[in-house]
file run22.pdb (PDB, C-alpha atoms)
ATOM      1  CA  MET A   1      -1.761  75.130 -28.379
ATOM      2  CA  SER A   2      -1.519  78.862 -27.809
ATOM      3  CA  GLU A   3       1.638  80.500 -26.540
ATOM      4  CA  ALA A   4      -0.243  81.737 -23.445
ATOM      5  CA  HIS A   5      -1.392  78.195 -22.640
ATOM      6  CA  LEU A   6       2.151  76.871 -23.118
ATOM      7  CA  ASP A   7       3.492  79.576 -20.787
ATOM      8  CA  GLU A   8       0.859  78.628 -18.207
ATOM      9  CA  ILE A   9       2.071  75.014 -18.251
ATOM     10  CA  LEU A  10       5.843  75.604 -18.446
ATOM     11  CA  LYS A  11       6.516  78.653 -16.250
ATOM     12  CA  PRO A  12       5.866  76.828 -12.941
ATOM     13  CA  LEU A  13       8.332  74.115 -14.017
ATOM     14  CA  ILE A  14      11.297  76.451 -14.601
ATOM     15  CA  LYS A  15      13.998  76.139 -11.948
ATOM     16  CA  THR A  16      17.322  77.871 -11.431
ATOM     17  CA  ALA A  17      20.429  75.673 -11.600
ATOM     18  CA  TRP A  18      24.183  76.133 -11.679
ATOM     19  CA  HIS A  19      25.993  75.293 -14.906
ATOM     20  CA  LEU A  20      29.673  74.424 -14.395
ATOM     21  CA  LYS A  21      31.895  75.347 -17.323
ATOM     22  CA  LEU A  22      35.257  73.543 -17.337
ATOM     23  CA  SER A  23      38.514  74.853 -18.759
ATOM     24  CA  LYS A  24      41.902  73.108 -18.717
ATOM     25  CA  SER A  25      44.227  74.867 -16.340
ATOM     26  CA  LYS A  26      47.526  73.903 -14.785
ATOM     27  CA  SER A  27      46.647  76.264 -11.944
ATOM     28  CA  ALA A  28      43.894  73.778 -10.985
ATOM     29  CA  GLN A  29      46.689  71.402  -9.931
ATOM     30  CA  ALA A  30      47.339  73.504  -6.814
ATOM     31  CA  ALA A  31      45.225  73.185  -3.689
ATOM     32  CA  SER A  32      42.377  75.680  -3.429
ATOM     33  CA  CYS A  33      38.921  76.360  -1.997
ATOM     34  CA  VAL A  34      37.220  76.629  -5.408
ATOM     35  CA  SER A  35      35.388  74.212  -7.695
ATOM     36  CA  LYS A  36      37.737  72.176  -9.866
ATOM     37  CA  PHE A  37      38.494  68.766 -11.332
ATOM     38  CA  GLY A  38      41.819  67.016 -10.703
ATOM     39  CA  GLY A  39      44.869  68.378  -8.953
ATOM     40  CA  LEU A  40      45.181  68.403  -5.181
ATOM     41  CA  PRO A  41      42.026  68.245  -3.078
ATOM     42  CA  TYR A  42      41.065  70.506  -0.243
ATOM     43  CA  ALA A  43      41.605  68.691   3.072
ATOM     44  CA  GLU A  44      41.697  69.634   6.727
ATOM     45  CA  LYS A  45      43.634  68.574   9.814
ATOM     46  CA  SER A  46      43.824  64.840  10.600
ATOM     47  CA  GLU A  47      42.674  63.745   7.128
ATOM     48  CA  ILE A  48      44.678  61.296   5.056
ATOM     49  CA  TRP A  49      44.395  60.195   1.446
ATOM     50  CA  PRO A  50      41.526  57.670   1.261
ATOM     51  CA  CYS A  51      42.056  54.035   0.219
ATOM     52  CA  CYS A  52      39.601  51.513  -1.193
ATOM     53  CA  PRO A  53      38.702  48.878   1.408
ATOM     54  CA  SER A  54      38.227  46.230  -1.318
ATOM     55  CA  CYS A  55      41.419  46.444  -3.407
ATOM     56  CA  GLN A  56      43.527  48.505  -0.967
ATOM     57  CA  ASN A  57      44.455  50.980  -3.759
ATOM     58  CA  GLU A  58      44.319  54.687  -3.084
ATOM     59  CA  LEU A  59      41.190  56.358  -4.391
ATOM     60  CA  VAL A  60      41.562  58.874  -7.219
ATOM     61  CA  PHE A  61      40.620  62.477  -6.503
ATOM     62  CA  ILE A  62      38.004  63.423  -9.104
ATOM     63  CA  ALA A  63      36.649  66.861  -8.205
ATOM     64  CA  GLN A  64      35.694  69.363  -5.579
ATOM     65  CA  ILE A  65      32.620  71.514  -5.879
ATOM     66  CA  LYS A  66      32.110  74.711  -3.917
ATOM     67  CA  HIS A  67      28.480  75.586  -3.454
ATOM     68  CA  PRO A  68      27.997  78.955  -5.160
ATOM     69  CA  GLY A  69      26.929  81.617  -2.710
ATOM     70  CA  GLU A  70      27.946  79.541   0.306
ATOM     71  CA  ASN A  71      31.223  78.595   1.915
ATOM     72  CA  SER A  72      30.701  74.825   1.721
ATOM     73  CA  LEU A  73      32.814  72.469  -0.370
ATOM     74  CA  HIS A  74      32.488  68.794  -1.319
ATOM     75  CA  THR A  75      35.388  66.604  -2.525
ATOM     76  CA  PHE A  76      34.853  63.368  -4.455
ATOM     77  CA  PHE A  77      37.234  60.364  -4.613
ATOM     78  CA  TYR A  78      36.688  57.172  -6.654
ATOM     79  CA  CYS A  79      38.208  53.686  -7.079
ATOM     80  CA  PHE A  80      38.835  52.976 -10.761
ATOM     81  CA  GLU A  81      39.997  49.451  -9.908
ATOM     82  CA  CYS A  82      36.692  48.357  -8.327
ATOM     83  CA  PHE A  83      34.533  50.687 -10.454
ATOM     84  CA  PRO A  84      31.591  50.981  -7.999
ATOM     85  CA  TRP A  85      28.130  52.145  -9.061
ATOM     86  CA  GLY A  86      26.909  53.074  -5.599
ATOM     87  CA  SER A  87      23.760  51.016  -5.921
ATOM     88  CA  THR A  88      24.645  47.338  -5.664
ATOM     89  CA  GLU A  89      24.348  45.316  -2.471
ATOM     90  CA  ASP A  90      27.750  43.624  -2.833
ATOM     91  CA  GLU A  91      29.610  46.937  -3.010
ATOM     92  CA  GLU A  92      31.769  47.611  -0.012
ATOM     93  CA  THR A  93      31.382  51.024   1.591
ATOM     94  CA  GLY A  94      34.385  53.214   0.842
ATOM     95  CA  GLN A  95      34.961  52.383  -2.832
ATOM     96  CA  TRP A  96      34.032  56.015  -3.434
ATOM     97  CA  LEU A  97      34.009  58.860  -0.964
ATOM     98  CA  VAL A  98      32.517  62.333  -0.626
ATOM     99  CA  ARG A  99      33.921  64.627   2.034
ATOM    100  CA  SER A 100      31.951  67.754   2.945
ATOM    101  CA  TYR A 101      33.314  70.902   4.541
ATOM    102  CA  GLN A 102      31.716  74.024   5.986
ATOM    103  CA  ASN A 103      33.473  77.389   6.288
ATOM    104  CA  VAL A 104      36.349  76.412   4.003
ATOM    105  CA  SER A 105      39.498  78.487   4.185
ATOM    106  CA  MET A 106      43.092  78.014   3.075
ATOM    107  CA  ALA A 107      43.962  78.748   6.721
ATOM    108  CA  ASN A 108      42.320  75.372   7.556
ATOM    109  CA  TYR A 109      43.881  73.545   4.608
ATOM    110  CA  VAL A 110      46.394  70.708   5.029
ATOM    111  CA  GLU A 111      48.085  69.047   2.085
ATOM    112  CA  ILE A 112      47.430  65.391   1.431
ATOM    113  CA  LYS A 113      48.857  63.435  -1.485
ATOM    114  CA  PRO A 114      48.598  59.839  -2.632
ATOM    115  CA  VAL A 115      51.598  57.669  -1.783
ATOM    116  CA  ASN A 116      51.567  56.066  -5.241
ATOM    117  CA  PRO A 117      50.824  57.995  -8.429
ATOM    118  CA  PRO A 118      47.391  56.946  -9.714
ATOM    119  CA  ASP A 119      46.978  54.918 -12.903
ATOM    120  CA  TYR A 120      44.062  57.193 -13.768
ATOM    121  CA  GLU A 121      44.741  60.903 -13.533
ATOM    122  CA  ILE A 122      42.109  63.555 -13.943
ATOM    123  CA  GLN A 123      42.970  66.471 -16.241
ATOM    124  CA  PRO A 124      43.152  69.527 -13.962
ATOM    125  CA  CYS A 125      40.317  71.897 -14.865
ATOM    126  CA  ARG A 126      38.973  75.069 -13.348
ATOM    127  CA  CYS A 127      35.223  75.543 -13.064
ATOM    128  CA  SER A 128      33.273  78.697 -13.582
ATOM    129  CA  GLU A 129      29.681  78.809 -12.421
ATOM    130  CA  GLN A 130      26.779  80.391 -14.226
ATOM    131  CA  ARG A 131      23.123  80.519 -13.151
ATOM    132  CA  VAL A 132      20.808  79.057 -15.785
ATOM    133  CA  LYS A 133      17.092  78.369 -16.091
ATOM    134  CA  VAL A 134      16.147  74.725 -16.682
ATOM    135  CA  LEU A 135      13.090  72.577 -17.223
ATOM    136  CA  PRO A 136      12.737  69.119 -15.648
ATOM    137  CA  ASP A 137      14.224  66.168 -17.489
ATOM    138  CA  ARG A 138      12.362  63.022 -18.509
ATOM    139  CA  ASP A 139      13.187  61.323 -15.176
ATOM    140  CA  ASP A 140      11.076  63.897 -13.332
ATOM    141  CA  LEU A 141       7.983  63.563 -15.529
ATOM    142  CA  GLU A 142       5.976  61.573 -12.985
ATOM    143  CA  PHE A 143       5.933  64.649 -10.733
ATOM    144  CA  LEU A 144       4.463  66.929 -13.410
ATOM    145  CA  SER A 145       0.876  67.778 -14.217
ATOM    146  CA  PRO A 146      -0.801  65.639 -16.892
ATOM    147  CA  GLN A 147      -0.651  68.630 -19.275
ATOM    148  CA  ALA A 148       3.119  68.972 -18.794
ATOM    149  CA  GLN A 149       3.591  65.218 -19.176
ATOM    150  CA  ALA A 150       1.775  65.359 -22.511
ATOM    151  CA  LEU A 151       4.149  68.107 -23.701
ATOM    152  CA  PHE A 152       7.085  65.814 -22.989
ATOM    153  CA  GLY A 153       5.378  62.900 -24.719
ATOM    154  CA  LYS A 154       4.485  60.905 -21.615
ATOM    155  CA  ASP A 155       0.838  60.314 -20.760
ATOM    156  CA  HIS A 156      -0.428  58.597 -17.607
TER
END

call {"tool": "encode", "arguments": {"input": "run22.pdb", "output": "structure tokens"}}
result
Amino acid sequence: MSEAHLDEILKPLIKTAWHLKLSKSKSAQAASCVSKFGGLPYAEKSEIWPCCPSCQNELVFIAQIKHPGENSLHTFFYCFECFPWGSTEDEETGQWLVRSYQNVSMANYVEIKPVNPPDYEIQPCRCSEQRVKVLPDRDDLEFLSPQAQALFGKDH
């Protein structure tokens, strides 16, 4: 296959994505409006620390991700006691939680903390974002042209 033919097949598949690079940082422990893992989450007025409806334990704060180029932020909490997958019918809603915020600002921030220290703590890490070019992964092959599928080793 010629390089020109390969370019013709692959160029339309290239997408831009954000790559998050993590670095341990005690400063990530403090509340903020930036992407990070562990530490204190961003929260706003009237919010409390979430609890699992199944085991009644407090959820563990995993991460918050700020959408690069926007002022939106998403926080993620998880129950390590119930260990939900998010796809089974017997899972009770609330065993994991995503909270979304628009127009985040430390002026809107309120501190929330768990009442009991979690058994599972997340190492506080800062995130730096970098734009990268990516090709689809094997899960997306069904949406590709037959020529592109053949390049990835999947024929229909």

call {"tool": "residues_around", "arguments": {"input": "run22.pdb", "residues": "A:Arg99", "least_positions_apart": "2", "cutoff": "7 Å", "atoms": "only C-alpha atoms", "output": "count of residues only"}}
result
5

call {"tool": "atom_distance", "arguments": {"input": "run22.pdb", "atom1": "atom CA of A:Val115", "atom2": "atom CA of A:Cys55"}}
result
15.2 Å

call {"tool": "closest_residue", "arguments": {"input": "run22.pdb", "among": "A:Ser46, A:Ser105, A:Tyr120, A:Ala150", "to": "A:Ser32", "atoms": "only C-alpha atoms"}}
result
A:Ser105

call {"tool": "resolve_selection", "arguments": {"input": "run22.pdb", "expression": "the PyMOL selection byres ((chain A and resi 135) around 10)", "output": "ChimeraX atom specification"}}
result
/A:10-17,133-134,136-138,140

call {"tool": "resolve_selection", "arguments": {"input": "run22.pdb", "expression": "the PyMOL selection byres ((chain A and resi 92) around 12)", "output": "PDB file with C-alpha atoms, in the coordinates of the input"}}
result
ATOM      1  CA  CYS A  52      39.601  51.513  -1.193  1.00  0.00           C
ATOM      2  CA  PRO A  53      38.702  48.878   1.408  1.00  0.00           C
ATOM      3  CA  SER A  54      38.227  46.230  -1.318  1.00  0.00           C
ATOM      4  CA  CYS A  55      41.419  46.444  -3.407  1.00  0.00           C
ATOM      5  CA  GLN A  56      43.527  48.505  -0.967  1.00  0.00           C
ATOM      6  CA  CYS A  79      38.208  53.686  -7.079  1.00  0.00           C
ATOM      7  CA  CYS A  82      36.692  48.357  -8.327  1.00  0.00           C
ATOM      8  CA  PHE A  83      34.533  50.687 -10.454  1.00  0.00           C
ATOM      9  CA  PRO A  84      31.591  50.981  -7.999  1.00  0.00           C
ATOM     10  CA  TRP A  85      28.130  52.145  -9.061  1.00  0.00           C
ATOM     11  CA  GLY A  86      26.909  53.074  -5.599  1.00  0.00           C
ATOM     12  CA  SER A  87      23.760  51.016  -5.921  1.00  0.00           C
ATOM     13  CA  THR A  88      24.645  47.338  -5.664  1.00  0.00           C
ATOM     14  CA  GLU A  89      24.348  45.316  -2.471  1.00  0.00           C
ATOM     15  CA  ASP A  90      27.750  43.624  -2.833  1.00  0.00           C
ATOM     16  CA  GLU A  91      29.610  46.937  -3.010  1.00  0.00           C
ATOM     17  CA  THR A  93      31.382  51.024   1.591  1.00  0.00           C
ATOM     18  CA  GLY A  94      34.385  53.214   0.842  1.00  0.00           C
ATOM     19  CA  GLN A  95      34.961  52.383  -2.832  1.00  0.00           C
ATOM     20  CA  TRP A  96      34.032  56.015  -3.434  1.00  0.00           C
ATOM     21  CA  LEU A  97      34.009  58.860  -0.964  1.00  0.00           C
TER      22      LEU A  97
END

call {"tool": "resolve_selection", "arguments": {"input": "run22.pdb", "expression": "the PyMOL selection byres ((chain A and resi 67) around 12)", "output": "ChimeraX atom specification"}}
result
/A:17-20,33-36,64-66,68-75,100-104,127-130

call {"tool": "atom_distance", "arguments": {"input": "run22.pdb", "atom1": "atom CA of A:Ile48", "atom2": "atom CA of A:Cys125"}}
result
23.0 Å

call {"tool": "closest_atom_pairs", "arguments": {"input": "run22.pdb", "of": "stretch 1-99 of chain A", "to": "stretch 106-112 of chain A", "cutoff": "8 Å", "atoms": "all atoms listed in the file", "output": "CSV"}}
result
residue,atom,partner,partner_atom,distance
A:Ala31,CA,A:Glu111,CA,7.7
A:Ser32,CA,A:Met106,CA,6.9
A:Cys33,CA,A:Met106,CA,6.8
A:Leu40,CA,A:Ile112,CA,7.6
A:Pro41,CA,A:Ile112,CA,7.6
A:Tyr42,CA,A:Tyr109,CA,6.4
A:Ala43,CA,A:Val110,CA,5.6
A:Glu44,CA,A:Tyr109,CA,5.0
A:Lys45,CA,A:Val110,CA,5.9
A:Glu47,CA,A:Ile112,CA,7.6
A:Ile48,CA,A:Ile112,CA,6.1
A:Trp49,CA,A:Ile112,CA,6.0

call {"tool": "closest_residue", "arguments": {"input": "run22.pdb", "among": "A:Arg126, A:Ser2, A:Pro118, A:Ile62", "to": "A:Lys21", "atoms": "all atoms listed in the file"}}
result
A:Arg126

call {"tool": "closest_residue", "arguments": {"input": "run22.pdb", "among": "A:Gln147, A:Lys24, A:Ala63, A:Glu58", "to": "A:Pro117", "atoms": "all atoms listed in the file"}}
result
A:Glu58

call {"tool": "closest_residue", "arguments": {"input": "run22.pdb", "among": "A:Arg131, A:Gly39, A:Phe80, A:Glu121", "to": "A:Leu59", "atoms": "only C-alpha atoms"}}
result
A:Phe80

call {"tool": "atom_distance", "arguments": {"input": "run22.pdb", "atom1": "atom CA of A:Lys113", "atom2": "atom CA of A:Ser25"}}
result
19.3 Å
